[in-house]
>>> print(open('final-v5.json').read())   # JSON, C-alpha atoms
[["chain", "number", "residue", "atom", "x", "y", "z"],
["A", 278, "MET", "CA", 118.55, 98.79, 132.93],
["A", 279, "LEU", "CA", 119.61, 97.70, 129.47],
["A", 280, "ILE", "CA", 118.34, 94.58, 127.81],
["A", 281, "GLY", "CA", 121.09, 92.37, 126.43],
["A", 282, "THR", "CA", 123.21, 92.54, 129.54],
["A", 283, "VAL", "CA", 123.20, 90.69, 132.82],
["A", 284, "PHE", "CA", 121.19, 92.47, 135.48],
["A", 285, "ALA", "CA", 123.63, 92.51, 138.33],
["A", 286, "VAL", "CA", 121.31, 92.13, 141.28],
["A", 287, "PRO", "CA", 123.17, 90.90, 144.33],
["A", 288, "LEU", "CA", 121.30, 88.06, 145.93],
["A", 289, "PRO", "CA", 122.16, 84.67, 147.36],
["A", 290, "ILE", "CA", 121.52, 81.46, 145.51],
["A", 291, "MET", "CA", 117.82, 80.90, 145.95],
["A", 292, "ARG", "CA", 116.51, 77.50, 146.95],
["A", 293, "ARG", "CA", 113.16, 76.79, 145.35],
["A", 294, "ARG", "CA", 109.83, 76.81, 147.18],
["A", 295, "LEU", "CA", 109.23, 74.69, 146.40],
["A", 296, "PHE", "CA", 86.54, 62.86, 121.68],
["A", 297, "PHE", "CA", 84.32, 65.10, 119.61],
["A", 298, "GLY", "CA", 82.07, 63.60, 116.89],
["A", 299, "ALA", "CA", 82.62, 64.88, 113.37],
["A", 300, "PHE", "CA", 79.78, 66.64, 111.60],
["A", 301, "PRO", "CA", 78.95, 65.54, 108.03],
["A", 302, "ALA", "CA", 80.53, 67.78, 105.40],
["A", 303, "ALA", "CA", 77.12, 68.83, 104.12],
["A", 304, "VAL", "CA", 76.14, 70.04, 107.59],
["A", 305, "LEU", "CA", 79.31, 72.06, 107.98],
["A", 306, "ALA", "CA", 79.11, 73.57, 104.52],
["A", 307, "GLY", "CA", 75.37, 74.24, 104.75],
["A", 308, "HIS", "CA", 75.75, 75.93, 108.13],
["A", 309, "ALA", "CA", 78.56, 78.11, 106.79],
["A", 310, "GLN", "CA", 76.47, 79.16, 103.80],
["A", 311, "ALA", "CA", 73.42, 79.89, 105.95],
["A", 312, "GLN", "CA", 75.43, 81.96, 108.41],
["A", 313, "SER", "CA", 78.30, 83.07, 106.20],
["A", 314, "ARG", "CA", 79.28, 85.97, 108.45],
["A", 315, "ARG", "CA", 79.36, 83.89, 111.66],
["A", 316, "LEU", "CA", 81.97, 81.20, 112.16],
["A", 317, "ARG", "CA", 82.86, 79.04, 115.16],
["A", 318, "LEU", "CA", 86.52, 78.79, 116.18],
["A", 319, "ALA", "CA", 87.41, 75.77, 118.32],
["A", 320, "CYS", "CA", 90.28, 76.58, 120.70],
["A", 321, "TYR", "CA", 92.23, 73.43, 121.47],
["A", 322, "SER", "CA", 95.38, 75.34, 122.34],
["A", 323, "PRO", "CA", 96.20, 76.91, 125.72],
["A", 324, "ARG", "CA", 96.39, 80.65, 126.15],
["A", 325, "THR", "CA", 99.99, 81.60, 125.40],
["A", 326, "LEU", "CA", 102.06, 84.38, 126.87],
["A", 327, "GLY", "CA", 102.34, 86.84, 124.02],
["A", 328, "ASN", "CA", 98.72, 86.80, 122.96],
["A", 329, "THR", "CA", 96.07, 84.36, 121.84],
["A", 330, "ALA", "CA", 95.83, 83.81, 118.11],
["A", 331, "ALA", "CA", 92.16, 82.87, 118.34],
["A", 332, "GLN", "CA", 91.07, 85.97, 120.26],
["A", 333, "LEU", "CA", 93.17, 88.34, 118.17],
["A", 334, "PHE", "CA", 91.82, 86.78, 114.97],
["A", 335, "ALA", "CA", 88.24, 87.18, 116.24],
["A", 336, "ASP", "CA", 88.87, 90.81, 117.18],
["A", 337, "LYS", "CA", 90.31, 91.63, 113.76],
["A", 338, "ALA", "CA", 87.46, 89.80, 112.01],
["A", 339, "ALA", "CA", 84.94, 91.96, 113.87],
["A", 340, "LEU", "CA", 86.75, 95.12, 112.76],
["A", 341, "SER", "CA", 87.19, 94.12, 109.12],
["A", 342, "PRO", "CA", 85.44, 96.22, 106.40],
["A", 343, "ASP", "CA", 82.80, 93.51, 105.98],
["A", 344, "PRO", "CA", 82.74, 92.22, 109.59],
["A", 345, "LEU", "CA", 82.82, 88.53, 110.42],
["A", 346, "GLN", "CA", 81.56, 87.21, 113.73],
["A", 347, "VAL", "CA", 84.01, 84.62, 115.01],
["A", 348, "VAL", "CA", 82.70, 82.79, 118.07],
["A", 349, "LEU", "CA", 85.35, 81.13, 120.26],
["A", 350, "GLU", "CA", 84.67, 77.71, 121.78],
["A", 351, "VAL", "CA", 87.21, 76.21, 124.22],
["A", 352, "ARG", "CA", 87.64, 72.46, 123.76],
["A", 353, "PRO", "CA", 89.96, 69.89, 125.35],
["A", 354, "PRO", "CA", 93.05, 69.08, 123.23],
["A", 355, "THR", "CA", 92.13, 65.44, 122.66],
["A", 356, "VAL", "CA", 90.86, 65.49, 119.07],
["A", 357, "PRO", "CA", 92.88, 63.80, 116.28],
["A", 358, "LEU", "CA", 94.33, 66.13, 113.66],
["A", 359, "VAL", "CA", 92.19, 64.62, 110.89],
["A", 360, "VAL", "CA", 89.01, 65.35, 112.91],
["A", 361, "ILE", "CA", 89.72, 69.00, 113.72],
["A", 362, "GLY", "CA", 88.72, 70.24, 110.28],
["A", 363, "LYS", "CA", 85.47, 68.24, 110.47],
["A", 364, "THR", "CA", 84.18, 69.58, 113.78],
["A", 365, "SER", "CA", 84.32, 73.36, 113.35],
["A", 366, "PRO", "CA", 84.93, 75.93, 110.60],
["A", 367, "LEU", "CA", 88.02, 77.35, 112.36],
["A", 368, "ALA", "CA", 90.44, 75.99, 114.96],
["A", 369, "SER", "CA", 93.54, 76.88, 116.94],
["A", 370, "TYR", "CA", 95.89, 74.34, 118.51],
["A", 371, "HIS", "CA", 99.44, 73.58, 119.65],
["A", 372, "ALA", "CA", 101.07, 72.39, 116.41],
["A", 373, "PRO", "CA", 103.74, 70.06, 117.90],
["A", 374, "SER", "CA", 101.03, 68.02, 119.64],
["A", 375, "PHE", "CA", 100.46, 66.37, 116.25],
["A", 376, "SER", "CA", 104.09, 65.79, 115.28],
["A", 377, "SER", "CA", 103.69, 62.02, 115.60],
["A", 378, "VAL", "CA", 101.18, 62.22, 112.71],
["A", 379, "GLU", "CA", 102.95, 64.95, 110.72],
["A", 380, "PRO", "CA", 106.63, 65.31, 111.76],
["A", 381, "VAL", "CA", 106.92, 68.74, 110.14],
["A", 382, "LEU", "CA", 104.61, 70.11, 112.85],
["A", 383, "GLY", "CA", 107.35, 69.32, 115.36],
["A", 384, "LEU", "CA", 109.89, 71.56, 113.66],
["A", 385, "CYS", "CA", 109.33, 74.34, 116.18],
["A", 386, "THR", "CA", 110.49, 72.05, 119.01],
["A", 387, "VAL", "CA", 113.75, 71.08, 117.29],
["A", 388, "PRO", "CA", 116.29, 72.78, 119.56],
["A", 389, "MET", "CA", 118.81, 75.50, 118.77],
["A", 390, "LEU", "CA", 117.88, 76.09, 115.12],
["A", 391, "ALA", "CA", 117.21, 79.80, 115.52],
["A", 392, "ALA", "CA", 119.09, 82.29, 117.67],
["A", 393, "THR", "CA", 116.80, 85.31, 117.20],
["A", 394, "PHE", "CA", 113.19, 86.11, 116.40],
["A", 395, "ASP", "CA", 114.25, 87.11, 112.89],
["A", 396, "GLU", "CA", 115.76, 83.65, 112.38],
["A", 397, "ALA", "CA", 112.72, 81.95, 113.92],
["A", 398, "GLU", "CA", 110.36, 83.86, 111.64],
["A", 399, "THR", "CA", 112.58, 83.01, 108.65],
["A", 400, "LEU", "CA", 112.54, 79.33, 109.59],
["A", 401, "HIS", "CA", 108.76, 79.19, 109.74],
["A", 402, "ARG", "CA", 108.32, 81.25, 106.57],
["A", 403, "ILE", "CA", 110.45, 78.66, 104.74],
["A", 404, "ALA", "CA", 108.56, 75.84, 106.45],
["A", 405, "ARG", "CA", 105.12, 77.31, 105.74],
["A", 406, "PRO", "CA", 104.51, 75.49, 102.41],
["A", 407, "HIS", "CA", 105.44, 72.25, 104.19],
["A", 408, "TYR", "CA", 103.01, 73.04, 107.03],
["A", 409, "ALA", "CA", 100.29, 73.85, 104.48],
["A", 410, "ALA", "CA", 100.83, 70.59, 102.62],
["A", 411, "ALA", "CA", 100.67, 68.58, 105.85],
["A", 412, "LEU", "CA", 97.48, 70.31, 106.97],
["A", 413, "ALA", "CA", 95.86, 69.82, 103.55],
["A", 414, "ARG", "CA", 96.22, 66.07, 104.07],
["A", 415, "HIS", "CA", 93.95, 66.52, 107.10],
["A", 416, "GLY", "CA", 91.40, 68.84, 105.51],
["A", 417, "GLN", "CA", 92.74, 72.12, 106.88],
["A", 418, "ILE", "CA", 94.05, 75.45, 105.56],
["A", 419, "LEU", "CA", 96.66, 77.39, 107.52],
["A", 420, "LEU", "CA", 95.55, 80.93, 108.33],
["A", 421, "ALA", "CA", 98.04, 82.11, 110.95],
["A", 422, "ILE", "CA", 100.97, 81.05, 113.12],
["A", 423, "GLU", "CA", 101.41, 82.23, 116.69],
["A", 424, "PRO", "CA", 104.94, 82.09, 118.19],
["A", 425, "TRP", "CA", 105.35, 81.29, 121.88],
["A", 426, "ARG", "CA", 107.92, 82.77, 124.19],
["A", 427, "PRO", "CA", 111.27, 81.08, 123.45],
["A", 428, "ALA", "CA", 112.21, 78.30, 125.86],
["A", 429, "ALA", "CA", 114.75, 79.56, 128.40],
["A", 430, "LEU", "CA", 116.96, 78.18, 131.17],
["A", 431, "TRP", "CA", 115.95, 79.02, 134.72],
["A", 432, "SER", "CA", 118.33, 78.21, 137.55],
["A", 433, "THR", "CA", 119.01, 78.64, 141.26],
["A", 434, "PHE", "CA", 122.44, 80.07, 140.45],
["A", 435, "ARG", "CA", 123.89, 82.15, 137.64],
["A", 436, "LEU", "CA", 125.14, 80.08, 134.69],
["A", 437, "ARG", "CA", 128.55, 81.50, 133.79],
["A", 438, "SER", "CA", 129.82, 78.67, 131.56],
["A", 439, "ALA", "CA", 128.86, 75.29, 130.13],
["A", 440, "GLY", "CA", 130.80, 73.71, 132.97],
["A", 441, "ASP", "CA", 128.16, 74.95, 135.40],
["A", 442, "LEU", "CA", 125.68, 72.52, 133.84],
["A", 443, "ARG", "CA", 127.79, 69.45, 134.59],
["A", 444, "GLY", "CA", 126.41, 67.69, 137.64],
["A", 445, "ALA", "CA", 123.54, 70.15, 138.06],
["A", 446, "ALA", "CA", 120.12, 68.74, 138.96],
["A", 447, "PHE", "CA", 117.99, 69.29, 135.83],
["A", 448, "ALA", "CA", 114.29, 69.07, 135.02],
["A", 449, "LEU", "CA", 111.88, 70.16, 132.31],
["A", 450, "ASP", "CA", 108.97, 72.35, 133.31],
["A", 451, "GLU", "CA", 105.77, 70.74, 134.52],
["A", 452, "THR", "CA", 103.66, 71.45, 131.43],
["A", 453, "PRO", "CA", 102.97, 68.86, 128.70],
["A", 454, "TYR", "CA", 104.44, 71.22, 126.09],
["A", 455, "VAL", "CA", 107.99, 69.90, 125.87],
["A", 456, "GLY", "CA", 109.81, 68.72, 122.79],
["A", 457, "ASP", "CA", 110.98, 65.25, 121.91],
["A", 458, "GLY", "CA", 114.51, 64.64, 123.17],
["A", 459, "TRP", "CA", 114.84, 67.83, 125.24],
["A", 460, "SER", "CA", 115.72, 65.95, 128.42],
["A", 461, "GLU", "CA", 118.25, 63.70, 126.64],
["A", 462, "LEU", "CA", 120.00, 66.78, 125.25],
["A", 463, "PHE", "CA", 120.76, 68.02, 128.75],
["A", 464, "SER", "CA", 121.96, 64.57, 129.79],
["A", 465, "ARG", "CA", 124.58, 64.88, 127.04],
["A", 466, "LEU", "CA", 125.70, 68.11, 128.70],
["A", 467, "GLY", "CA", 126.34, 66.27, 131.96],
["A", 468, "THR", "CA", 123.31, 67.28, 133.98],
["A", 469, "ARG", "CA", 121.63, 64.75, 136.23],
["A", 470, "ARG", "CA", 117.90, 64.24, 136.04],
["A", 471, "ALA", "CA", 115.89, 65.44, 139.00],
["A", 472, "SER", "CA", 112.31, 66.12, 139.92],
["A", 473, "TYR", "CA", 110.97, 69.59, 139.22],
["A", 474, "ALA", "CA", 110.89, 70.30, 142.95],
["A", 475, "ASP", "CA", 114.61, 69.50, 143.30],
["A", 476, "ALA", "CA", 115.87, 71.06, 140.06],
["A", 477, "GLU", "CA", 118.75, 73.52, 140.11],
["A", 478, "VAL", "CA", 118.39, 74.09, 136.36],
["A", 479, "MET", "CA", 115.04, 73.97, 134.55],
["A", 480, "LEU", "CA", 114.14, 74.40, 130.88],
["A", 481, "SER", "CA", 110.85, 76.23, 130.40],
["A", 482, "SER", "CA", 108.61, 75.29, 127.47],
["A", 483, "GLY", "CA", 107.59, 78.88, 126.79],
["A", 484, "TYR", "CA", 104.14, 78.44, 128.32],
["A", 485, "THR", "CA", 104.53, 79.23, 132.02],
["A", 486, "SER", "CA", 104.68, 82.90, 132.91],
["A", 487, "SER", "CA", 108.07, 84.34, 133.86],
["A", 488, "VAL", "CA", 106.50, 86.03, 136.87],
["A", 489, "GLU", "CA", 105.50, 82.60, 138.18],
["A", 490, "LEU", "CA", 108.93, 81.12, 137.49],
["A", 491, "ALA", "CA", 110.60, 84.12, 139.13],
["A", 492, "GLN", "CA", 109.06, 83.00, 142.43],
["A", 493, "GLN", "CA", 111.00, 79.73, 142.25],
["A", 494, "PHE", "CA", 114.32, 80.48, 140.55],
["A", 495, "ALA", "CA", 116.97, 83.14, 141.11],
["A", 496, "CYS", "CA", 118.27, 83.40, 137.53],
["A", 497, "VAL", "CA", 117.20, 83.09, 133.91],
["A", 498, "THR", "CA", 119.43, 82.63, 130.87],
["A", 499, "GLU", "CA", 117.94, 83.32, 127.46],
["A", 500, "VAL", "CA", 119.28, 80.68, 125.07],
["A", 501, "PHE", "CA", 116.51, 80.79, 122.42],
["A", 502, "PHE", "CA", 116.24, 77.01, 122.79],
["A", 503, "ALA", "CA", 113.04, 76.68, 120.72],
["A", 504, "THR", "CA", 110.00, 78.79, 119.85],
["A", 505, "GLN", "CA", 106.86, 76.68, 119.84],
["A", 506, "LEU", "CA", 103.85, 77.47, 117.67],
["A", 507, "THR", "CA", 100.09, 77.62, 117.79],
["A", 508, "PHE", "CA", 98.37, 77.14, 114.43],
["A", 509, "LEU", "CA", 95.11, 78.82, 113.46],
["A", 510, "THR", "CA", 93.39, 76.91, 110.64],
["A", 511, "ALA", "CA", 90.21, 76.74, 108.60],
["A", 512, "SER", "CA", 88.29, 73.64, 107.62],
["A", 513, "GLN", "CA", 88.99, 73.09, 103.93],
["A", 514, "GLN", "CA", 85.41, 71.90, 103.38],
["A", 515, "VAL", "CA", 83.96, 75.03, 104.94],
["A", 516, "PHE", "CA", 86.52, 77.38, 103.39],
["A", 517, "GLU", "CA", 85.78, 76.14, 99.88],
["A", 518, "SER", "CA", 82.04, 76.53, 100.46],
["A", 519, "LEU", "CA", 82.37, 80.26, 101.27],
["A", 520, "PRO", "CA", 82.04, 83.10, 98.77],
["A", 521, "GLU", "CA", 85.35, 84.16, 97.25],
["A", 522, "ALA", "CA", 85.26, 87.53, 99.01],
["A", 523, "GLN", "CA", 84.89, 85.87, 102.40],
["A", 524, "ARG", "CA", 87.72, 83.44, 101.68],
["A", 525, "GLU", "CA", 89.93, 86.40, 100.84],
["A", 526, "ASP", "CA", 88.83, 88.11, 104.06],
["A", 527, "LEU", "CA", 89.82, 85.09, 106.16],
["A", 528, "LEU", "CA", 93.24, 84.88, 104.54],
["A", 529, "ALA", "CA", 93.85, 88.61, 104.98],
["A", 530, "ILE", "CA", 92.76, 88.55, 108.64],
["A", 531, "GLY", "CA", 95.07, 85.57, 109.19],
["A", 532, "ARG", "CA", 98.03, 87.45, 107.71],
["A", 533, "ALA", "CA", 97.33, 90.52, 109.83],
["A", 534, "THR", "CA", 96.92, 88.40, 112.97],
["A", 535, "GLU", "CA", 100.21, 86.60, 112.41],
["A", 536, "ALA", "CA", 102.13, 89.80, 111.73],
["A", 537, "GLU", "CA", 100.87, 91.33, 114.98],
["A", 538, "LEU", "CA", 101.69, 88.21, 116.98],
["A", 539, "TRP", "CA", 105.30, 88.24, 115.80],
["A", 540, "ARG", "CA", 105.57, 91.95, 116.67],
["A", 541, "ASP", "CA", 104.10, 91.29, 120.11],
["A", 542, "ILE", "CA", 106.45, 88.43, 121.00],
["A", 543, "ARG", "CA", 109.47, 90.54, 120.11],
["A", 544, "GLU", "CA", 108.31, 93.10, 122.67],
["A", 545, "LEU", "CA", 107.28, 90.57, 125.31],
["A", 546, "VAL", "CA", 110.74, 89.17, 126.08],
["A", 547, "PRO", "CA", 112.50, 92.47, 126.93],
["A", 548, "ARG", "CA", 109.41, 93.50, 128.91],
["A", 549, "ASP", "CA", 109.66, 90.16, 130.72],
["A", 550, "HIS", "CA", 113.28, 90.91, 131.55],
["A", 551, "ARG", "CA", 112.46, 94.27, 133.06],
["A", 552, "ASP", "CA", 109.59, 92.88, 135.12],
["A", 553, "ILE", "CA", 111.45, 89.95, 136.63],
["A", 554, "ALA", "CA", 114.64, 91.95, 137.21],
["A", 555, "LYS", "CA", 112.54, 94.19, 139.46],
["A", 556, "ARG", "CA", 111.70, 91.05, 141.43],
["A", 557, "GLY", "CA", 115.38, 90.34, 142.01],
["A", 558, "VAL", "CA", 115.97, 87.77, 139.26],
["A", 559, "VAL", "CA", 119.39, 87.84, 137.57],
["A", 560, "VAL", "CA", 118.65, 88.06, 133.83],
["A", 561, "SER", "CA", 121.24, 86.95, 131.28],
["A", 562, "ALA", "CA", 119.83, 88.15, 127.98],
["A", 563, "ALA", "CA", 123.17, 87.54, 126.23],
["A", 564, "PRO", "CA", 124.27, 84.10, 127.49],
["A", 565, "PRO", "CA", 127.90, 82.92, 127.60],
["A", 566, "ALA", "CA", 129.12, 81.86, 124.15],
["A", 567, "ASP", "CA", 130.33, 78.47, 125.35],
["A", 568, "ILE", "CA", 126.86, 77.62, 126.72],
["A", 569, "LEU", "CA", 125.32, 78.35, 123.34],
["A", 570, "ALA", "CA", 128.04, 76.34, 121.57],
["A", 571, "ALA", "CA", 127.55, 73.39, 123.92],
["A", 572, "LEU", "CA", 123.77, 73.49, 123.45],
["A", 573, "ARG", "CA", 124.10, 73.58, 119.64],
["A", 574, "THR", "CA", 126.48, 70.62, 119.66],
["A", 575, "ALA", "CA", 124.23, 68.63, 121.99],
["A", 576, "ALA", "CA", 121.19, 69.52, 119.84],
["A", 577, "GLU", "CA", 122.55, 68.03, 116.61],
["A", 578, "PRO", "CA", 121.31, 64.45, 117.28],
["A", 579, "GLY", "CA", 117.80, 65.87, 117.72],
["A", 580, "VAL", "CA", 118.08, 67.89, 114.51],
["A", 581, "ARG", "CA", 119.23, 64.78, 112.62],
["A", 582, "ARG", "CA", 116.43, 62.69, 114.15],
["A", 583, "TRP", "CA", 113.79, 65.18, 113.01],
["A", 584, "ALA", "CA", 115.31, 65.41, 109.50],
["A", 585, "ALA", "CA", 115.39, 61.61, 109.24],
["A", 586, "ALA", "CA", 111.70, 61.41, 110.19],
["A", 587, "MET", "CA", 110.96, 63.92, 107.42],
["A", 588, "GLY", "CA", 113.11, 62.20, 104.78],
["A", 589, "ALA", "CA", 114.34, 64.22, 101.81],
["A", 590, "GLU", "CA", 111.79, 66.96, 102.57],
["A", 591, "GLY", "CA", 113.38, 67.62, 105.95],
["A", 592, "ALA", "CA", 116.91, 67.81, 104.58],
["A", 593, "THR", "CA", 115.79, 70.23, 101.88],
["A", 594, "LEU", "CA", 113.92, 72.44, 104.35],
["A", 595, "LEU", "CA", 116.89, 72.69, 106.74],
["A", 596, "ALA", "CA", 119.33, 73.32, 103.88],
["A", 597, "ASP", "CA", 117.12, 76.12, 102.54],
["A", 598, "TYR", "CA", 116.88, 77.70, 105.98],
["A", 599, "ARG", "CA", 120.58, 77.48, 106.77],
["A", 600, "ARG", "CA", 121.46, 78.91, 103.38],
["A", 601, "VAL", "CA", 119.24, 81.95, 104.02],
["A", 602, "ILE", "CA", 120.65, 82.68, 107.49],
["A", 603, "GLY", "CA", 124.23, 81.94, 106.40],
["A", 604, "PHE", "CA", 124.74, 79.08, 108.88]]
>>> encode(input="final-v5.json", output="structure tokens")
Amino acid sequence: MLIGTVFAVPLPIMRRRLFFGAFPAAVLAGHAQAQSRRLRLACYSPRTLGNTAAQLFADKAALSPDPLQVVLEVRPPTVPLVVIGKTSPLASYHAPSFSSVEPVLGLCTVPMLAATFDEAETLHRIARPHYAAALARHGQILLAIEPWRPAALWSTFRLRSAGDLRGAAFALDETPYVGDGWSELFSRLGTRRASYADAEVMLSSGYTSSVELAQQFACVTEVFFATQLTFLTASQQVFESLPEAQREDLLAIGRATEAELWRDIRELVPRDHRDIAKRGVVVSAAPPADILAALRTAAEPGVRRWAAAMGAEGATLLADYRRVIGF
């Protein structure tokens, strides 16, 4: 079967079955100097579908010419952004979780800005200096960005046009990883809010596995709604205490980790399509043009809200991005 087309699998409409204390800077820096080749990485972010930035970073660090031992520690995602850089040398976390503190970290949840992985990567490359500046205010240095699977529309029936959304029972997925205003956007398209159990149309956040969702919905429509991000960062205090060669190693490992993660996510989606099509799911990898147009129109209030929260910086960032992609 070819990706980019609808998998025509005849089947009936399916009804669904359904706080950590901060260590003093001297302690952190002294520990890093004493054990300069061993660093702890606090994982506040969930394991995502394409890969895990933390584990991949640790693997690459171990294989570097002058190996680093990166020890992963799973921690609950309840620590304030300003504290993360004070509790461990390295960290990974869901960036939009801190958008109320730094609105730029919510950029990846702003809907319908990118239509492809190339555009998504371009957006975040342009935004990277803004991310770095925001993190610096909280004592962190950005090492790598991990993209999630793009949010997609799952449904109990095939979506053939924007009109199919009007009156449909709609819900977001049951994870906490949903963007601000996502539900309101679908209300503007005429859907009616429903519980997850009763939803005919559901927007995934990019976290839940497609195999799991394929057990509950008959169809999926790829709309590239948003691609959320996990950040992998270093404590600025610890980073600046390390020898120059080790700082360069960390930056290089971060670049290599990020490049591999973007390659992996590009391969994951078509593989996803093949796997769930075998399970009888109707896959629309190239959605109807009027659905995309309707989603982009309905997304504009959310885009404007994010830009307003960012002030002049947000307007400049979006203008730079849209100029590059020719939007």
>>> closest_residue(input="final-v5.json", among="A:Val497, A:Ala536, A:Ala372, A:Leu390", to="Arg599 (chain A)", atoms="only C-alpha atoms")
A:Leu390
>>> closest_residue(input="final-v5.json", among="A:Leu412, A:Leu333, A:Ala522, A:Ala319", to="Val381 (chain A)", atoms="all atoms listed in the file")
A:Leu412
>>> closest_residue(input="final-v5.json", among="A:Phe463, A:Gln513, A:Ala584, A:Ala428", to="Ser481 (chain A)", atoms="all atoms listed in the file")
A:Ala428
>>> atom_distance(input="final-v5.json", atom1="CA of Pro357 (chain A)", atom2="CA of Glu517 (chain A)")
21.7 Å
>>> residues_around(input="final-v5.json", residues="Leu569 (chain A)", least_positions_apart="2", cutoff="10 Å", atoms="only C-alpha atoms", output="mmCIF file with C-alpha atoms, keeping the file's coordinate frame")
data_model
loop_
_atom_site.group_PDB
_atom_site.id
_atom_site.type_symbol
_atom_site.label_atom_id
_atom_site.label_comp_id
_atom_site.auth_asym_id
_atom_site.auth_seq_id
_atom_site.Cartn_x
_atom_site.Cartn_y
_atom_site.Cartn_z
ATOM 1 C CA MET A 389 118.810 75.500 118.770
ATOM 2 C CA ALA A 392 119.090 82.290 117.670
ATOM 3 C CA SER A 438 129.820 78.670 131.560
ATOM 4 C CA ALA A 439 128.860 75.290 130.130
ATOM 5 C CA GLU A 499 117.940 83.320 127.460
ATOM 6 C CA VAL A 500 119.280 80.680 125.070
ATOM 7 C CA PHE A 501 116.510 80.790 122.420
ATOM 8 C CA PHE A 502 116.240 77.010 122.790
ATOM 9 C CA ALA A 563 123.170 87.540 126.230
ATOM 10 C CA PRO A 564 124.270 84.100 127.490
ATOM 11 C CA PRO A 565 127.900 82.920 127.600
ATOM 12 C CA ALA A 566 129.120 81.860 124.150
ATOM 13 C CA ASP A 567 130.330 78.470 125.350
ATOM 14 C CA ALA A 571 127.550 73.390 123.920
ATOM 15 C CA LEU A 572 123.770 73.490 123.450
ATOM 16 C CA ARG A 573 124.100 73.580 119.640
ATOM 17 C CA THR A 574 126.480 70.620 119.660
ATOM 18 C CA ALA A 575 124.230 68.630 121.990
#
>>> atom_distance(input="final-v5.json", atom1="CA of Trp431 (chain A)", atom2="CA of Met479 (chain A)")
5.1 Å
>>> closest_residue(input="final-v5.json", among="A:Glu577, A:Val478, A:Ala421, A:Asp549", to="Arg402 (chain A)", atoms="all atoms listed in the file")
A:Ala421
>>> closest_residue(input="final-v5.json", among="A:Val387, A:Ala409, A:Ala404, A:Val515", to="Asp457 (chain A)", atoms="all atoms listed in the file")
A:Val387
>>> atom_distance(input="final-v5.json", atom1="CA of Thr386 (chain A)", atom2="CA of Gln505 (chain A)")
5.9 Å
